[in-house]
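Next comes coords.txt, with compact mmCIF, C-alpha atoms and all ligand atoms.
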# COMPACT_ATOMS: atom_id res chain seq x y z
CA MET A 1 168.82 56.01 168.34
CA GLU A 2 166.72 58.59 166.62
CA ASN A 3 167.40 62.24 167.19
CA ILE A 4 164.16 63.93 168.25
CA PRO A 5 164.10 67.65 167.48
CA GLN A 6 163.37 69.75 170.55
CA SER A 7 162.34 73.31 170.36
CA ARG A 8 161.72 75.81 173.08
CA ARG A 9 158.01 75.80 172.17
CA THR A 10 157.77 72.03 172.70
CA PHE A 11 159.59 72.30 176.00
CA LEU A 12 157.28 75.09 177.26
CA ALA A 13 154.18 73.20 176.11
CA THR A 14 155.38 70.13 178.02
CA ILE A 15 155.96 72.18 181.17
CA ALA A 16 152.52 73.79 180.87
CA LEU A 17 150.90 70.38 180.42
CA LEU A 18 152.72 69.02 183.47
CA VAL A 19 151.65 71.98 185.63
CA ALA A 20 148.04 71.68 184.47
CA SER A 21 148.04 67.95 185.15
CA ALA A 22 149.54 68.41 188.60
CA THR A 23 146.94 71.06 189.44
CA MET A 24 144.05 68.85 188.35
CA LEU A 25 145.49 65.86 190.19
CA ARG A 26 145.89 67.91 193.36
CA ARG A 27 142.25 69.11 193.16
CA PHE A 28 141.11 65.54 192.65
CA LEU A 29 143.12 64.11 195.54
CA THR A 30 142.50 66.89 198.08
CA PRO A 31 139.43 66.15 200.22
CA ARG A 32 136.74 68.79 200.21
CA THR A 33 136.33 70.35 203.60
CA LYS A 34 133.05 71.73 204.77
CA PRO A 35 133.34 74.91 206.79
CA GLN A 36 133.01 74.02 210.44
CA ARG A 37 129.82 75.21 212.09
CA LYS A 38 130.55 76.20 215.66
CA VAL A 39 127.67 76.89 218.04
CA VAL A 40 128.77 79.70 220.34
CA VAL A 41 125.55 80.02 222.33
CA SER A 42 122.42 77.88 222.50
CA VAL A 43 119.35 79.05 224.43
CA ALA A 44 115.59 78.51 224.48
CA ARG A 45 113.80 81.20 222.53
CA ALA A 46 111.43 81.80 225.45
CA ASP A 47 114.38 82.77 227.66
CA ILE A 48 115.26 85.83 225.58
CA PRO A 49 113.62 88.89 227.14
CA PRO A 50 111.53 90.87 224.60
CA LEU A 51 113.29 94.21 225.17
CA GLY A 52 116.36 92.98 226.96
CA ALA A 53 119.45 91.02 226.17
CA LEU A 54 121.14 87.85 227.21
CA VAL A 55 124.82 88.59 227.71
CA TYR A 56 127.49 85.91 227.46
CA ARG A 57 130.68 87.64 228.53
CA GLU A 58 132.88 84.56 228.12
CA SER A 59 131.76 84.13 224.52
CA ARG A 60 131.58 87.91 224.08
CA VAL A 61 128.10 87.69 222.59
CA ALA A 62 124.83 89.49 223.35
CA LEU A 63 121.61 87.90 222.20
CA MET A 64 119.02 90.62 221.69
CA GLN A 65 115.39 90.83 220.73
CA ALA A 66 113.62 93.85 219.23
CA ASN A 67 110.27 93.95 217.45
CA GLY A 68 110.14 90.17 217.48
CA GLU A 69 113.48 89.91 215.69
CA ILE A 70 116.23 87.97 217.44
CA TYR A 71 119.79 88.90 216.62
CA ALA A 72 123.24 88.52 218.13
CA LEU A 73 125.92 91.15 218.45
CA SER A 74 129.58 90.62 219.11
CA LEU A 75 130.68 92.30 222.32
CA VAL A 76 134.12 92.96 220.87
CA CYS A 77 134.64 96.71 220.56
CA THR A 78 135.53 97.66 217.00
CA HIS A 79 138.09 100.18 218.24
CA LEU A 80 140.70 98.00 219.94
CA GLY A 81 138.82 94.89 221.00
CA CYS A 82 137.75 95.42 224.62
CA THR A 83 134.63 93.63 225.84
CA LEU A 84 131.58 95.88 225.90
CA ASN A 85 129.16 96.40 228.78
CA VAL A 86 125.47 96.11 227.98
CA THR A 87 122.76 98.31 229.48
CA SER A 88 119.11 98.57 228.56
CA GLU A 89 119.76 101.48 226.16
CA LYS A 90 123.25 100.96 224.77
CA LEU A 91 126.50 99.05 224.72
CA SER A 92 129.49 100.90 226.07
CA CYS A 93 133.20 100.25 226.09
CA PRO A 94 135.02 100.59 229.41
CA CYS A 95 138.39 101.14 227.71
CA HIS A 96 138.04 104.37 225.70
CA GLY A 97 134.36 105.22 225.98
CA SER A 98 132.88 104.17 222.64
CA GLU A 99 129.13 103.65 222.68
CA PHE A 100 126.87 101.66 220.40
CA ASP A 101 123.09 101.48 220.14
CA ARG A 102 121.20 98.20 220.52
CA GLN A 103 121.52 97.59 216.79
CA GLY A 104 125.30 97.88 217.00
CA LYS A 105 125.63 101.29 215.33
CA VAL A 106 128.25 103.68 216.66
CA LEU A 107 126.83 106.42 218.89
CA LYS A 108 130.15 107.77 220.13
CA GLY A 109 133.77 107.15 219.11
CA PRO A 110 136.63 106.52 218.96
CA ALA A 111 135.22 103.33 217.40
CA ASP A 112 134.17 104.07 213.83
CA ARG A 113 132.69 100.74 212.72
CA PRO A 114 129.44 99.09 213.85
CA LEU A 115 129.47 95.94 215.93
CA LYS A 116 129.65 92.62 214.13
CA ARG A 117 126.35 90.81 213.79
CA LEU A 118 126.61 87.09 214.31
CA SER A 119 124.60 84.45 212.55
CA VAL A 120 121.52 83.23 214.44
CA GLU A 121 119.68 80.01 213.65
CA GLN A 122 116.37 78.94 215.15
CA ARG A 123 114.96 75.44 215.30
CA ASP A 124 112.69 73.52 217.63
CA GLY A 125 112.26 76.45 220.00
CA MET A 126 116.00 76.91 220.40
CA VAL A 127 118.12 79.80 219.25
CA GLU A 128 121.74 79.17 218.33
CA VAL A 129 124.43 81.71 217.64
CA VAL A 130 126.79 80.14 215.17
CA GLU A 131 130.22 81.07 213.99
CA ALA A 132 131.09 80.05 210.47
S1 LIG B 1 138.61 99.51 222.78
FE1 LIG B 1 136.60 100.23 222.92
S2 LIG B 1 136.76 102.33 222.66
FE2 LIG B 1 138.76 101.64 222.52
Could you write out this structure as C-alpha cells?
Ligand code: FES
Amino acid sequence: MENIPQSRRTFLATIALLVASATMLRRFLTPRTKPQRKVVVSVARADIPPLGALVYRESRVALMQANGEIYALSLVCTHLGCTLNVTSEKLSCPCHGSEFDRQGKVLKGPADRPLKRLSVEQRDGMVEVVEA
C-alpha cells in the first residue's frame, strides 16, 4: 500500500470542505418556512367609528380611526404588560397609571415607550389586524 503524505494543512482543508458541504446540504434539505400570518381581528371597515375605537380586550387590540386612517394599537402597557383601558381621549393603565394618547405616544409614565402598532390590512371592505 502506498503511503500518502498527510499534512496539517491538508487535514484542515478537508475538515473545512466537509463543514461547507454539510452546511450547503442542510440548507438544501431544510424546507423553507413562510412566516405564519395570523389574523387577530377581522371587522367590516364600516363598523369602525370615525373618531372612536373598537376594543378587543381578549386579543388586547384597539382598532382606531383618525383622519380617515385606520390603525391598530396593542393594549399591552409598555411598562409591565397590563391591559390598557380605552377612553375617547386616551388609553390608560389601571396598574401604575401610565397614559397614552390615541396614537400610542406616552403622555404619563412610568411607561417610557410608545404602544406597539400592529399591522392592518384592508381588502374587500374588511379590515384585518394581522400578527406576523
Ligand atoms: S403596567 Fe402599565 S403602568 Fe405599569
Expected answer as a PyMOL selection string: residues within 12 Å of ligand LIG 1 (chain B), all atoms listed in the file: chain A and resi 75-85+91-100+106-115
Distance criterion (only C-alpha atoms): nearest to Val129 in chain A out of A:Met24, A:Leu54, A:Ala66, A:Ala13: A:Leu54
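CA of Ser74 in chain A is positioned 5.4 Å from CA of Lys116 in chain A.
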Could you produce a table of the residues of range 53-85 of chain A lying within 12 Å of range 121-126 of chain A, with the nearest pair of atoms per residue and their separation in Å rounded to one decimal, using only C-alpha atoms, ordered by chain and increasing residue number, as a Markdown table?
| residue | atom | partner | partner_atom | distance |
| --- | --- | --- | --- | --- |
| A:Leu63 | CA | A:Glu121 | CA | 11.8 |
| A:Glu69 | CA | A:Gln122 | CA | 11.4 |
| A:Ile70 | CA | A:Gln122 | CA | 9.3 |
| A:Tyr71 | CA | A:Glu121 | CA | 9.4 |
| A:Ala72 | CA | A:Glu121 | CA | 10.3 |
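Relative to CA of Gln36 in chain A, CA of Pro49 in chain A is found at 29.6 Å.
If you count all atoms listed in the file and ignore residues fewer than 3 places along the chain from Ile48 in chain A, what sits within 9 Å of it is Val43, Ala44, Arg45, Leu51, Gly52, Ala53, Leu54, Leu63, Met64, Gln65 and Ile70 of chain A.
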Complete range 24-47 of chain A with N, CA and C atoms (output as a JSON list (two decimals), in the frame of the given file).
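And here is the file that came out, out_5.json:
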[["chain", "number", "residue", "atom", "x", "y", "z"],
["A", 24, "MET", "N", 145.29, 69.65, 188.38],
["A", 24, "MET", "CA", 144.05, 68.85, 188.35],
["A", 24, "MET", "C", 144.16, 67.65, 189.28],
["A", 25, "LEU", "N", 145.30, 67.02, 189.32],
["A", 25, "LEU", "CA", 145.49, 65.86, 190.19],
["A", 25, "LEU", "C", 145.38, 66.28, 191.67],
["A", 26, "ARG", "N", 145.96, 67.41, 191.99],
["A", 26, "ARG", "CA", 145.89, 67.91, 193.36],
["A", 26, "ARG", "C", 144.43, 68.20, 193.76],
["A", 27, "ARG", "N", 143.66, 68.83, 192.86],
["A", 27, "ARG", "CA", 142.25, 69.11, 193.16],
["A", 27, "ARG", "C", 141.47, 67.82, 193.34],
["A", 28, "PHE", "N", 141.81, 66.81, 192.57],
["A", 28, "PHE", "CA", 141.11, 65.54, 192.65],
["A", 28, "PHE", "C", 141.45, 64.80, 193.94],
["A", 29, "LEU", "N", 142.68, 64.89, 194.37],
["A", 29, "LEU", "CA", 143.12, 64.11, 195.54],
["A", 29, "LEU", "C", 142.88, 64.83, 196.87],
["A", 30, "THR", "N", 142.72, 66.15, 196.85],
["A", 30, "THR", "CA", 142.50, 66.89, 198.08],
["A", 30, "THR", "C", 141.05, 66.75, 198.53],
["A", 31, "PRO", "N", 140.81, 66.30, 199.76],
["A", 31, "PRO", "CA", 139.43, 66.15, 200.22],
["A", 31, "PRO", "C", 138.77, 67.51, 200.39],
["A", 32, "ARG", "N", 137.49, 67.55, 200.03],
["A", 32, "ARG", "CA", 136.74, 68.79, 200.21],
["A", 32, "ARG", "C", 136.41, 68.93, 201.68],
["A", 33, "THR", "N", 136.64, 70.11, 202.19],
["A", 33, "THR", "CA", 136.33, 70.35, 203.60],
["A", 33, "THR", "C", 135.14, 71.28, 203.69],
["A", 34, "LYS", "N", 134.19, 70.88, 204.50],
["A", 34, "LYS", "CA", 133.05, 71.73, 204.77],
["A", 34, "LYS", "C", 133.48, 72.74, 205.83],
["A", 35, "PRO", "N", 133.03, 73.97, 205.71],
["A", 35, "PRO", "CA", 133.34, 74.91, 206.79],
["A", 35, "PRO", "C", 132.71, 74.43, 208.09],
["A", 36, "GLN", "N", 133.49, 74.49, 209.15],
["A", 36, "GLN", "CA", 133.01, 74.02, 210.44],
["A", 36, "GLN", "C", 131.97, 74.99, 210.99],
["A", 37, "ARG", "N", 130.89, 74.43, 211.48],
["A", 37, "ARG", "CA", 129.82, 75.21, 212.09],
["A", 37, "ARG", "C", 130.01, 75.10, 213.59],
["A", 38, "LYS", "N", 130.30, 76.22, 214.23],
["A", 38, "LYS", "CA", 130.55, 76.20, 215.66],
["A", 38, "LYS", "C", 129.44, 76.95, 216.38],
["A", 39, "VAL", "N", 128.73, 76.26, 217.27],
["A", 39, "VAL", "CA", 127.67, 76.89, 218.04],
["A", 39, "VAL", "C", 128.32, 77.60, 219.23],
["A", 40, "VAL", "N", 128.17, 78.91, 219.27],
["A", 40, "VAL", "CA", 128.77, 79.70, 220.34],
["A", 40, "VAL", "C", 127.84, 79.75, 221.54],
["A", 41, "VAL", "N", 126.55, 79.92, 221.27],
["A", 41, "VAL", "CA", 125.55, 80.02, 222.33],
["A", 41, "VAL", "C", 124.31, 79.29, 221.87],
["A", 42, "SER", "N", 123.69, 78.56, 222.79],
["A", 42, "SER", "CA", 122.42, 77.88, 222.50],
["A", 42, "SER", "C", 121.48, 78.15, 223.67],
["A", 43, "VAL", "N", 120.28, 78.66, 223.38],
["A", 43, "VAL", "CA", 119.35, 79.05, 224.43],
["A", 43, "VAL", "C", 117.92, 78.87, 223.92],
["A", 44, "ALA", "N", 117.00, 78.61, 224.86],
["A", 44, "ALA", "CA", 115.59, 78.51, 224.48],
["A", 44, "ALA", "C", 115.09, 79.89, 224.07],
["A", 45, "ARG", "N", 114.30, 79.92, 223.02],
["A", 45, "ARG", "CA", 113.80, 81.20, 222.53],
["A", 45, "ARG", "C", 113.01, 81.94, 223.61],
["A", 46, "ALA", "N", 112.26, 81.19, 224.41],
["A", 46, "ALA", "CA", 111.43, 81.80, 225.45],
["A", 46, "ALA", "C", 112.26, 82.50, 226.52],
["A", 47, "ASP", "N", 113.53, 82.17, 226.63],
["A", 47, "ASP", "CA", 114.38, 82.77, 227.66],
["A", 47, "ASP", "C", 114.93, 84.15, 227.26]]
